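Have a look at data_27.csv; it's CSV, C-alpha atoms and all ligand atoms:
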```csv
chain,number,residue,atom,x,y,z
A,73,MET,CA,1.0,35.4,36.4
A,74,THR,CA,0.7,36.4,32.8
A,75,SER,CA,-3.0,35.9,32.0
A,76,ALA,CA,-4.2,39.5,32.7
A,77,PRO,CA,-2.9,41.9,30.1
A,78,ALA,CA,-0.5,44.4,31.6
A,79,GLU,CA,-2.2,47.5,30.1
A,80,ALA,CA,-5.5,46.4,31.7
A,81,ALA,CA,-4.1,45.8,35.2
A,82,PRO,CA,-5.7,48.0,37.8
A,83,ASP,CA,-3.7,50.0,40.3
A,84,ARG,CA,-2.5,47.6,42.9
A,85,ARG,CA,-2.9,50.3,45.5
A,86,ARG,CA,-6.7,50.7,45.2
A,87,ALA,CA,-8.8,51.1,48.3
A,88,PRO,CA,-9.1,47.7,50.1
A,89,ASP,CA,-12.8,47.6,50.0
A,90,GLU,CA,-13.1,48.2,46.3
A,91,ALA,CA,-14.4,45.1,44.6
A,92,ALA,CA,-11.8,43.3,42.4
A,93,PRO,CA,-12.8,42.6,38.8
A,94,GLU,CA,-13.6,38.9,38.8
A,95,GLU,CA,-11.3,37.9,36.1
A,96,PHE,CA,-8.3,39.4,37.9
A,97,GLN,CA,-9.3,37.6,41.1
A,98,ALA,CA,-9.7,34.3,39.1
A,99,ALA,CA,-6.3,34.8,37.4
A,100,PHE,CA,-4.7,35.5,40.8
A,101,ASP,CA,-6.4,32.4,42.4
A,102,ALA,CA,-5.2,30.2,39.5
A,103,THR,CA,-1.6,31.4,39.9
A,104,ILE,CA,-1.7,30.6,43.6
A,105,ALA,CA,-3.3,27.2,42.9
A,106,ARG,CA,-0.5,26.3,40.4
A,107,ARG,CA,2.0,27.3,43.1
A,108,ASP,CA,3.4,29.8,40.6
A,109,ARG,CA,4.8,33.3,41.4
A,110,ILE,CA,2.8,36.5,41.7
A,111,GLU,CA,5.0,39.4,40.3
A,112,PRO,CA,4.9,43.1,41.2
A,113,ARG,CA,3.1,44.0,37.9
A,114,ASP,CA,0.3,41.5,38.5
A,115,TRP,CA,-3.0,42.3,40.1
A,116,MET,CA,-3.3,41.1,43.7
A,117,PRO,CA,-5.9,41.5,46.4
A,118,GLU,CA,-5.2,44.3,48.8
A,119,GLY,CA,-5.2,41.9,51.8
A,120,TYR,CA,-2.4,39.8,50.1
A,121,ARG,CA,-0.4,43.0,49.5
A,122,ARG,CA,-0.8,44.2,53.0
A,123,THR,CA,0.1,40.8,54.5
A,124,LEU,CA,3.3,40.7,52.4
A,125,VAL,CA,4.3,44.2,53.4
A,126,ARG,CA,3.8,43.3,57.1
A,127,GLN,CA,5.7,40.1,56.9
A,128,ILE,CA,8.6,41.2,54.6
A,129,ALA,CA,9.0,44.5,56.6
A,130,GLN,CA,9.1,42.6,59.9
A,131,HIS,CA,11.6,40.3,58.4
A,132,ALA,CA,13.8,43.2,57.1
A,133,HIS,CA,13.6,45.0,60.4
A,134,SER,CA,14.7,41.8,62.2
A,135,GLU,CA,17.8,41.6,60.1
A,136,VAL,CA,18.7,45.2,60.8
A,137,ILE,CA,18.0,45.1,64.5
A,138,GLY,CA,19.6,41.7,64.6
A,139,MET,CA,22.9,43.3,64.0
A,140,GLN,CA,23.0,44.7,67.5
A,141,PRO,CA,23.2,41.7,69.8
A,142,GLU,CA,26.2,40.2,67.9
A,143,GLY,CA,27.7,43.6,67.0
A,144,ASN,CA,28.1,44.0,70.8
A,145,TRP,CA,31.0,41.5,70.6
A,146,ILE,CA,32.9,42.7,67.6
A,147,GLY,CA,35.2,44.9,69.7
A,148,ARG,CA,35.8,42.0,72.2
A,149,ALA,CA,36.3,39.0,69.8
A,150,PRO,CA,39.1,36.8,71.1
A,151,SER,CA,41.2,36.8,67.9
A,152,LEU,CA,41.6,38.6,64.6
A,153,ARG,CA,40.1,35.6,62.9
A,154,ARG,CA,37.0,35.5,65.1
A,155,LYS,CA,36.6,39.3,64.6
A,156,ALA,CA,36.8,39.1,60.8
A,157,ILE,CA,34.2,36.3,60.8
A,158,LEU,CA,31.8,38.2,63.1
A,159,LEU,CA,32.2,41.5,61.1
A,160,ALA,CA,31.4,39.6,57.9
A,161,LYS,CA,28.3,38.0,59.5
A,162,VAL,CA,27.0,41.3,60.8
A,163,GLN,CA,27.5,42.9,57.4
A,164,ASP,CA,25.6,40.0,55.8
A,165,GLU,CA,22.6,40.8,58.1
A,166,ALA,CA,22.6,44.4,56.9
A,167,GLY,CA,22.6,43.1,53.3
A,168,HIS,CA,19.7,40.8,54.0
A,169,GLY,CA,17.8,43.8,55.4
A,170,LEU,CA,18.5,45.7,52.2
A,171,TYR,CA,17.3,42.8,49.9
A,172,LEU,CA,14.1,42.6,51.9
A,173,TYR,CA,13.4,46.3,52.0
A,174,SER,CA,13.8,46.3,48.2
A,175,ALA,CA,11.4,43.4,47.9
A,176,CYS,CA,8.9,45.3,50.0
A,177,GLU,CA,9.3,48.5,47.9
A,178,THR,CA,7.9,46.5,44.9
A,179,LEU,CA,4.6,46.5,46.8
A,180,GLY,CA,4.3,50.2,46.7
A,181,VAL,CA,5.8,51.3,50.1
A,182,SER,CA,9.0,53.3,50.4
A,183,ARG,CA,12.0,52.5,52.5
A,184,ALA,CA,11.5,55.7,54.4
A,185,GLU,CA,7.9,54.7,55.3
A,186,LEU,CA,9.1,51.3,56.5
A,187,THR,CA,11.9,52.8,58.6
A,188,GLU,CA,9.4,55.2,60.2
A,189,LEU,CA,7.1,52.3,61.0
A,190,LEU,CA,10.0,50.5,62.8
A,191,LEU,CA,11.3,53.5,64.6
A,192,SER,CA,7.8,54.5,65.9
A,193,GLY,CA,7.2,50.9,67.1
A,194,ARG,CA,4.2,50.4,64.8
A,195,GLN,CA,5.9,47.4,63.0
A,196,LYS,CA,7.5,44.5,64.8
A,197,TYR,CA,10.8,42.8,64.5
A,198,SER,CA,11.7,39.3,65.7
A,199,SER,CA,11.3,38.7,69.4
A,200,ILE,CA,14.7,37.0,69.6
A,201,PHE,CA,16.7,40.2,69.2
A,202,ASN,CA,15.2,41.6,72.5
A,203,TYR,CA,17.4,39.3,74.5
A,204,PRO,CA,20.9,40.4,75.7
A,205,THR,CA,24.2,38.8,74.6
A,206,LEU,CA,26.0,38.3,77.9
A,207,SER,CA,29.0,36.2,77.0
A,208,TYR,CA,31.1,35.5,73.9
A,209,ALA,CA,29.5,32.1,73.7
A,210,ASP,CA,26.3,33.9,72.7
A,211,VAL,CA,27.9,34.6,69.3
A,212,GLY,CA,28.2,30.9,68.7
A,213,THR,CA,24.7,30.1,70.1
A,214,ILE,CA,23.1,32.8,68.0
A,215,GLY,CA,24.7,31.2,64.9
A,216,TRP,CA,23.7,27.7,65.8
A,217,LEU,CA,20.2,28.2,67.3
A,218,VAL,CA,19.0,31.6,66.0
A,219,ASP,CA,20.4,31.2,62.4
A,220,GLY,CA,19.4,27.5,62.6
A,221,ALA,CA,15.8,28.5,63.4
A,222,ALA,CA,15.9,31.2,60.8
A,223,ILE,CA,16.9,28.6,58.1
A,224,VAL,CA,14.1,26.2,59.0
A,225,ASN,CA,11.6,29.1,58.8
A,226,GLN,CA,13.1,30.6,55.6
A,227,VAL,CA,13.9,27.7,53.4
A,228,PRO,CA,10.1,27.2,52.7
A,229,LEU,CA,9.9,30.9,52.0
A,230,CYS,CA,12.1,30.4,49.0
A,231,ARG,CA,8.9,28.9,47.5
A,232,THR,CA,6.6,31.7,48.7
A,233,SER,CA,4.1,32.9,46.2
A,234,TYR,CA,5.4,36.5,45.8
A,235,GLY,CA,8.4,36.5,43.4
A,236,PRO,CA,10.6,39.2,44.8
A,237,TYR,CA,10.4,37.8,48.3
A,238,GLY,CA,11.1,34.2,47.2
A,239,ARG,CA,14.1,35.3,45.2
A,240,ALA,CA,15.5,37.4,48.1
A,241,MET,CA,15.1,34.4,50.3
A,242,ILE,CA,17.2,32.1,48.1
A,243,ARG,CA,20.2,34.2,48.5
A,244,ILE,CA,19.6,34.9,52.2
A,245,CYS,CA,19.3,31.2,53.0
A,246,LYS,CA,22.6,30.4,51.4
A,247,GLU,CA,24.3,33.0,53.6
A,248,GLU,CA,22.3,31.9,56.7
A,249,SER,CA,23.6,28.3,56.3
A,250,PHE,CA,27.2,29.7,56.5
A,251,HIS,CA,26.2,31.6,59.6
A,252,GLN,CA,24.8,28.6,61.2
A,253,ARG,CA,27.9,26.5,60.5
A,254,GLN,CA,30.2,29.2,61.9
A,255,GLY,CA,28.2,29.3,65.1
A,256,TYR,CA,28.4,25.6,65.5
A,257,GLU,CA,32.1,25.5,64.8
A,258,LEU,CA,32.7,28.3,67.4
A,259,LEU,CA,30.7,26.3,70.0
A,260,MET,CA,32.5,23.1,69.1
A,261,THR,CA,35.9,24.8,69.6
A,262,MET,CA,34.8,26.1,73.0
A,263,MET,CA,33.5,22.7,74.0
A,264,ARG,CA,37.0,21.3,73.3
A,265,GLY,CA,38.5,24.0,75.5
A,266,THR,CA,38.5,24.4,79.2
A,267,GLU,CA,35.8,23.5,81.8
A,268,ALA,CA,35.0,27.3,82.1
A,269,GLN,CA,34.4,27.5,78.4
A,270,ARG,CA,32.1,24.5,78.4
A,271,GLU,CA,30.1,26.0,81.2
A,272,MET,CA,29.9,29.3,79.3
A,273,VAL,CA,28.4,27.4,76.3
A,274,GLN,CA,25.9,25.5,78.4
A,275,GLU,CA,24.8,28.7,80.2
A,276,SER,CA,24.3,30.5,76.8
A,277,VAL,CA,22.3,27.6,75.4
A,278,ASN,CA,20.1,27.6,78.5
A,279,ARG,CA,19.3,31.3,77.9
A,280,PHE,CA,18.7,31.0,74.1
A,281,TRP,CA,16.8,27.7,73.8
A,282,TRP,CA,13.3,28.9,74.6
A,283,PRO,CA,13.5,32.3,72.8
A,284,SER,CA,14.7,30.3,69.7
A,285,LEU,CA,11.6,28.2,69.8
A,286,MET,CA,9.5,31.4,70.1
A,287,MET,CA,10.9,32.7,66.8
A,288,PHE,CA,8.4,30.5,65.0
A,289,GLY,CA,5.5,32.5,66.3
A,290,PRO,CA,2.5,31.5,68.5
A,291,PRO,CA,1.0,28.0,68.4
A,292,ASP,CA,-1.1,27.4,65.3
A,293,ASP,CA,-4.4,27.7,67.2
A,294,LYS,CA,-3.3,31.2,68.4
A,295,SER,CA,-1.9,32.4,65.1
A,296,PRO,CA,-4.4,34.9,63.6
A,297,ASN,CA,-2.5,35.2,60.3
A,298,SER,CA,-1.4,31.6,59.5
A,299,ALA,CA,-4.5,30.2,57.8
A,300,ARG,CA,-4.9,33.2,55.4
A,301,SER,CA,-1.1,33.4,54.7
A,302,MET,CA,-1.0,29.6,53.9
A,303,ALA,CA,-4.0,29.8,51.6
A,304,TRP,CA,-2.2,32.6,49.7
A,305,GLY,CA,1.0,30.6,49.6
A,306,ILE,CA,2.9,33.3,51.5
A,307,LYS,CA,3.7,30.8,54.2
A,308,ARG,CA,4.2,27.2,53.1
A,309,ASN,CA,4.2,25.6,56.6
A,310,SER,CA,2.5,26.4,59.9
A,311,ASN,CA,4.4,27.8,62.9
A,312,ASP,CA,4.1,24.5,64.9
A,313,GLU,CA,5.3,22.3,61.9
A,314,LEU,CA,8.4,24.4,61.6
A,315,ARG,CA,9.0,24.5,65.4
A,316,GLN,CA,8.9,20.7,65.4
A,317,LYS,CA,11.2,20.4,62.5
A,318,PHE,CA,13.7,22.7,64.3
A,319,VAL,CA,13.6,20.6,67.5
A,320,ASP,CA,14.0,17.3,65.5
A,321,MET,CA,17.0,18.8,63.7
A,322,THR,CA,18.7,20.4,66.7
A,323,VAL,CA,18.6,17.6,69.3
A,324,PRO,CA,21.2,15.4,67.6
A,325,GLN,CA,23.4,18.5,67.0
A,326,ALA,CA,23.2,19.2,70.8
A,327,ASP,CA,24.2,15.6,71.5
A,328,ALA,CA,27.2,15.9,69.1
A,329,LEU,CA,28.2,19.2,70.8
A,330,GLY,CA,27.8,17.8,74.3
A,331,VAL,CA,25.3,20.3,75.6
A,332,THR,CA,22.0,19.7,77.3
A,333,LEU,CA,18.9,21.4,76.0
A,334,PRO,CA,17.1,22.9,79.0
A,335,ASP,CA,13.8,21.0,78.7
A,336,PRO,CA,13.1,18.0,81.0
A,337,GLY,CA,10.1,17.2,78.7
A,338,LEU,CA,12.3,16.6,75.7
A,339,ARG,CA,12.2,13.0,74.5
A,340,TRP,CA,11.9,10.9,71.4
A,341,ASN,CA,8.4,9.8,70.6
A,342,GLU,CA,8.6,6.6,68.7
A,343,GLU,CA,4.9,6.6,67.7
A,344,ARG,CA,5.0,10.2,66.3
A,345,GLY,CA,8.5,9.8,64.8
A,346,HIS,CA,9.4,13.2,66.4
A,347,TYR,CA,10.7,14.6,69.6
A,348,ASP,CA,8.2,15.7,72.2
A,349,PHE,CA,9.0,19.0,73.9
A,350,SER,CA,7.5,21.3,76.5
A,351,GLU,CA,5.6,24.5,75.8
A,352,PRO,CA,7.6,27.7,75.7
A,353,ASP,CA,6.4,30.5,78.1
A,354,TRP,CA,3.9,32.2,75.9
A,355,ASP,CA,3.3,35.0,78.4
A,356,GLU,CA,6.9,35.9,78.1
A,357,PHE,CA,6.6,35.9,74.3
A,358,ALA,CA,3.5,38.2,74.5
A,359,ALA,CA,5.4,40.6,76.7
A,360,VAL,CA,8.4,40.6,74.4
A,361,ILE,CA,6.4,41.3,71.2
A,362,SER,CA,4.4,44.0,72.8
A,363,GLY,CA,7.6,45.9,73.6
A,364,ASN,CA,8.4,44.7,77.2
A,365,GLY,CA,11.2,42.3,76.6
A,366,PRO,CA,14.6,42.7,78.3
A,367,CYS,CA,16.2,44.8,75.6
A,368,ASN,CA,13.3,46.3,73.5
A,369,ALA,CA,13.8,49.9,74.6
A,370,GLN,CA,17.6,49.7,74.2
A,371,ARG,CA,17.4,48.1,70.7
A,372,LEU,CA,15.0,50.8,69.4
A,373,ALA,CA,16.9,53.6,71.0
A,374,ARG,CA,20.1,52.4,69.3
A,375,ARG,CA,18.3,52.1,66.0
A,376,ARG,CA,16.9,55.6,66.3
A,377,ALA,CA,20.3,57.1,67.2
A,378,ALA,CA,21.9,55.3,64.2
A,379,HIS,CA,19.2,56.7,61.9
A,380,GLU,CA,19.8,60.2,63.2
A,381,GLU,CA,23.5,59.9,63.0
A,382,GLY,CA,23.2,58.7,59.4
A,383,ALA,CA,21.0,61.7,58.3
A,384,TRP,CA,23.9,63.5,56.7
A,385,VAL,CA,24.7,60.4,54.5
A,386,ARG,CA,21.2,60.3,53.2
A,387,GLU,CA,21.2,64.1,52.6
A,388,ALA,CA,24.5,63.9,50.8
A,389,ALA,CA,23.4,61.0,48.6
A,390,LEU,CA,20.2,62.8,47.7
A,391,ALA,CA,22.0,66.0,46.9
A,392,PHE,CA,24.5,64.0,44.7
A,393,ALA,CA,21.7,62.2,42.9
A,394,ASN,CA,19.9,65.5,42.3
A,395,ARG,CA,23.0,67.1,40.9
A,396,SER,CA,23.8,64.1,38.8
A,397,ALA,CA,20.3,64.3,37.3
A,398,GLY,CA,20.8,68.0,36.6
A,399,GLY,CA,18.2,68.8,39.3
A,400,GLY,CA,20.1,71.8,40.8
A,401,ALA,CA,23.0,72.7,43.0
A,402,ALA,CA,24.0,70.2,45.7
A,501,LIG,N1,8.7,38.0,66.9
A,501,LIG,O1,-0.3,35.1,63.2
A,501,LIG,P1,1.2,35.0,63.5
A,501,LIG,C1,16.6,36.7,61.2
A,501,LIG,C2,3.8,38.3,65.6
A,501,LIG,S1,15.3,35.6,61.4
A,501,LIG,C3,7.9,39.0,66.8
A,501,LIG,O2,1.7,33.6,63.6
A,501,LIG,P2,2.7,35.3,61.0
A,501,LIG,C4,17.9,36.2,60.8
A,501,LIG,C5,3.3,38.5,64.2
A,501,LIG,O3,4.0,39.4,63.4
A,501,LIG,C6,14.0,36.5,62.2
A,501,LIG,N2,6.6,39.0,66.4
A,501,LIG,O4,2.0,35.8,62.4
A,501,LIG,C7,19.0,36.6,61.7
A,501,LIG,C8,1.8,38.8,64.4
A,501,LIG,O5,1.8,40.2,64.8
A,501,LIG,P3,1.1,41.4,63.8
A,501,LIG,C9,13.0,37.1,61.3
A,501,LIG,C10,6.1,37.8,66.1
A,501,LIG,O6,3.2,36.5,60.4
A,501,LIG,C11,19.6,35.7,62.4
A,501,LIG,C12,1.5,38.1,65.7
A,501,LIG,O7,2.7,37.8,66.3
A,501,LIG,N3,12.4,36.2,60.4
A,501,LIG,O8,16.3,37.8,61.3
A,501,LIG,C13,6.9,36.6,66.1
A,501,LIG,O9,1.7,34.5,60.2
A,501,LIG,C14,20.7,36.0,63.3
A,501,LIG,C15,0.7,36.8,65.4
A,501,LIG,O10,1.6,35.8,64.8
A,501,LIG,C16,11.2,36.4,59.8
A,501,LIG,O11,10.6,37.5,60.0
A,501,LIG,C17,8.2,36.7,66.6
A,501,LIG,N4,9.0,35.7,66.7
A,501,LIG,O12,3.8,34.4,61.4
A,501,LIG,C18,19.4,37.9,61.8
A,501,LIG,C19,10.7,35.3,58.9
A,501,LIG,N5,6.1,35.6,65.8
A,501,LIG,O13,2.2,41.5,62.7
A,501,LIG,C20,20.5,38.3,62.6
A,501,LIG,C21,9.5,35.7,58.1
A,501,LIG,C22,4.9,36.1,65.5
A,501,LIG,O14,-0.1,40.8,63.2
A,501,LIG,C23,21.1,37.3,63.4
A,501,LIG,N6,8.3,35.8,58.9
A,501,LIG,N7,4.9,37.4,65.7
A,501,LIG,O15,1.0,42.6,64.6
A,501,LIG,C24,7.5,34.7,59.2
A,501,LIG,O16,7.7,33.6,58.8
A,501,LIG,C25,6.2,34.9,60.0
A,501,LIG,O17,5.9,36.3,59.9
A,501,LIG,C26,6.3,34.4,61.4
A,501,LIG,C27,5.0,34.8,62.2
A,501,LIG,C28,6.4,32.9,61.5
A,501,LIG,C29,7.4,35.1,62.2
```

Rewritten as structure tokens:
Amino acid sequence: MTSAPAEAAPDRRRAPDEAAPEEFQAAFDATIARRDRIEPRDWMPEGYRRTLVRQIAQHAHSEVIGMQPEGNWIGRAPSLRRKAILLAKVQDEAGHGLYLYSACETLGVSRAELTELLLSGRQKYSSIFNYPTLSYADVGTIGWLVDGAAIVNQVPLCRTSYGPYGRAMIRICKEESFHQRQGYELLMTMMRGTEAQREMVQESVNRFWWPSLMMFGPPDDKSPNSARSMAWGIKRNSNDELRQKFVDMTVPQADALGVTLPDPGLRWNEERGHYDFSEPDWDEFAAVISGNGPCNAQRLARRRAAHEEGAWVREAALAFANRSAGGGAA
């Protein structure tokens, strides 16, 4: 958005109830209507800024916490090749977290504040990472279903209205596509193996199918943020639209793999041109996002411990930066 002169732009961090100058609001609305990008220097309504901070931070925390379920299998990967692939994938997730924290910092919050909000449980991360990884097949299933769902959700976010978020998403989506393929390839290899391996894959898919559908968030009529976020161009599609897209894309992949998706209500609907499927257990979803899922306590405790164990690295980096800037002895 370039119509408001930079020197006249008010502080983006004004009190939320302070009235916005009309011409800035009009310029903002026009940018959104053109489906153009809002950039960090541009004026934006406080609600828009807060919604972005909430969503981008939740997304960044998900990438960082999301390293734990798969990280659980690095030491037990069945071959050097599988170990190298898994290590690279988990490192990619850390990188995604960093791009997203950086995008969020352009909205006037610091990485330290965001970390504190995660560690104190005041900001969420994706429900999916509160489920355990009980077998090695889960590494493949996470790649196929969880990264698959992430891609369906995130490709439209490449066109989100906030520039730094959209640009981070472009790079992240490229890497997620690779993750999805490695998961599918791993499962395909196991399906060509022994009967015990095939059973392991099916058991894993049975556990991850419903939580993967929940990644898209509550149904549209129970999603308090969707309407506003779509009007602002932050979200480009509704939760239910993306969930349907994921199901339509995944059913043929499951057939090719030779696994059964655990939903007796799943069938092609000729009239709609989509698959019908059953409702996920929304009570389970509510419990997981309010901190009572199978692994919530474990995930946050591990993250807190890692943060404390890394304190010396942050202190050393700060001391080095101060010394390099001539700010005193390290
Ligand atoms: N988990 O009104 P809505 C990945 C919350 S991918 C937890 O519909 P919104 C890659 C929501 O925050 C995973 N909480 O909300 C990877 C809100 O609560 P609040 C991360 C959820 O924002 C793969 C409340 O419910 N991806 O990490 C969830 O309009 C493999 C009401 O919901 C993203 O974050 C949930 N599933 O729509 C890494 C994508 N769903 O904040 C490692 C970006 C909803 O008001 C390994 N985010 N809630 O207290 C989005 O697209 C949106 O934020 C949605 C939710 C669609 C997730």

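For the residues A:Gly212, A:Pro117, A:Gly398, A:Pro324, ranking by smallest atom-to-atom distance to ligand LIG 501 (chain A) using all atoms listed in the file places A:Gly212 first.
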
Contacts to ligand LIG 501 (chain A) at 8 Å cut-off (all atoms listed in the file) as a short mmCIF file (atom, residue, chain, number, x, y, z; two decimals) with C-alpha atoms, in the coordinates of the input:
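result34.cif, written as the output of this step:
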```
data_model
loop_
_atom_site.label_atom_id
_atom_site.label_comp_id
_atom_site.auth_asym_id
_atom_site.auth_seq_id
_atom_site.Cartn_x
_atom_site.Cartn_y
_atom_site.Cartn_z
CA THR A 123 0.10 40.80 54.50
CA ARG A 126 3.80 43.30 57.10
CA GLN A 127 5.70 40.10 56.90
CA ILE A 128 8.60 41.20 54.60
CA ALA A 129 9.00 44.50 56.60
CA GLN A 130 9.10 42.60 59.90
CA HIS A 131 11.60 40.30 58.40
CA ALA A 132 13.80 43.20 57.10
CA HIS A 133 13.60 45.00 60.40
CA SER A 134 14.70 41.80 62.20
CA GLU A 135 17.80 41.60 60.10
CA VAL A 136 18.70 45.20 60.80
CA ILE A 137 18.00 45.10 64.50
CA GLY A 138 19.60 41.70 64.60
CA MET A 139 22.90 43.30 64.00
CA GLU A 142 26.20 40.20 67.90
CA VAL A 162 27.00 41.30 60.80
CA GLU A 165 22.60 40.80 58.10
CA GLN A 195 5.90 47.40 63.00
CA LYS A 196 7.50 44.50 64.80
CA TYR A 197 10.80 42.80 64.50
CA SER A 198 11.70 39.30 65.70
CA SER A 199 11.30 38.70 69.40
CA ILE A 200 14.70 37.00 69.60
CA PHE A 201 16.70 40.20 69.20
CA ILE A 214 23.10 32.80 68.00
CA GLY A 215 24.70 31.20 64.90
CA VAL A 218 19.00 31.60 66.00
CA ASP A 219 20.40 31.20 62.40
CA ALA A 221 15.80 28.50 63.40
CA ALA A 222 15.90 31.20 60.80
CA ILE A 223 16.90 28.60 58.10
CA ASN A 225 11.60 29.10 58.80
CA GLN A 226 13.10 30.60 55.60
CA LEU A 229 9.90 30.90 52.00
CA GLU A 248 22.30 31.90 56.70
CA HIS A 251 26.20 31.60 59.60
CA MET A 286 9.50 31.40 70.10
CA MET A 287 10.90 32.70 66.80
CA PHE A 288 8.40 30.50 65.00
CA GLY A 289 5.50 32.50 66.30
CA PRO A 290 2.50 31.50 68.50
CA PRO A 291 1.00 28.00 68.40
CA ASP A 292 -1.10 27.40 65.30
CA LYS A 294 -3.30 31.20 68.40
CA SER A 295 -1.90 32.40 65.10
CA PRO A 296 -4.40 34.90 63.60
CA ASN A 297 -2.50 35.20 60.30
CA SER A 298 -1.40 31.60 59.50
CA ALA A 299 -4.50 30.20 57.80
CA SER A 301 -1.10 33.40 54.70
CA LYS A 307 3.70 30.80 54.20
CA SER A 310 2.50 26.40 59.90
CA ASN A 311 4.40 27.80 62.90
CA PHE A 357 6.60 35.90 74.30
CA VAL A 360 8.40 40.60 74.40
CA ILE A 361 6.40 41.30 71.20
#
```

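For the pair atom CA of A:Leu179 and atom CA of A:Asp293, the separation is 29.2 Å.
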
From the set A:Val323, A:Leu159, A:Ala303, A:Val125, which residue has the shortest atom-to-atom contact distance to A:Leu189, counting all atoms listed in the file?
-> A:Val125

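Picture a line from atom CA of A:Ala326 to atom CA of A:Pro150; it runs 23.7 Å.
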
Would you list the contacts of stretch 318-321 of chain A as a PyMOL selection string, taking every protein, DNA or RNA residue within 8 Å and counting only C-alpha atoms, but skipping same-chain residues closer than 5 positions in sequence?
-> chain A and resi 220-221+224+346-347

Nearest-residue call for A:Gly193, choices A:Arg109, A:Arg376, A:Lys246, A:Arg148, using all atoms listed in the file = A:Arg376

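The closest residue to A:Leu206, picked from A:Asn364, A:Thr261, A:Thr232, A:Asn144 and counting all atoms listed in the file, is A:Asn144.
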
Could you name the residues that touch A:Asp353 at 10 Å or less, counting only C-alpha atoms, but leaving out those on the same chain fewer than 3 positions away, as a PyMOL selection string?
-> chain A and resi 282-283+286+350+356-358

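Each of A:Gln269, A:Ser276, A:Ser182, A:Ser249 was checked against A:Val211 using all atoms listed in the file; the smallest atom-to-atom distance is that of A:Ser276.
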
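Shortest separation to A:His168 among A:Ala378, A:Cys245, A:Met302, A:Ala102 occurs at residue A:Cys245, atoms counted being only C-alpha atoms.
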
Selection: 10 Å around A:Ala105, all atoms listed in the file, excl. self and same-chain fewer than 4 positions, as a list of chain:residue names = A:Ala99, A:Phe100, A:Asp101, A:Ser233, A:Ala303, A:Trp304, A:Gly305

Mind pulling up the distance from atom CA of A:Arg375 to atom CA of A:Arg122?
-> 24.4 Å

Using all atoms listed in the file, give me every residue within 8 Å of (22.6, 42.3, 75.4) in file coordinates, as number ranges by chain.
-> A: 141, 144, 202-206, 367
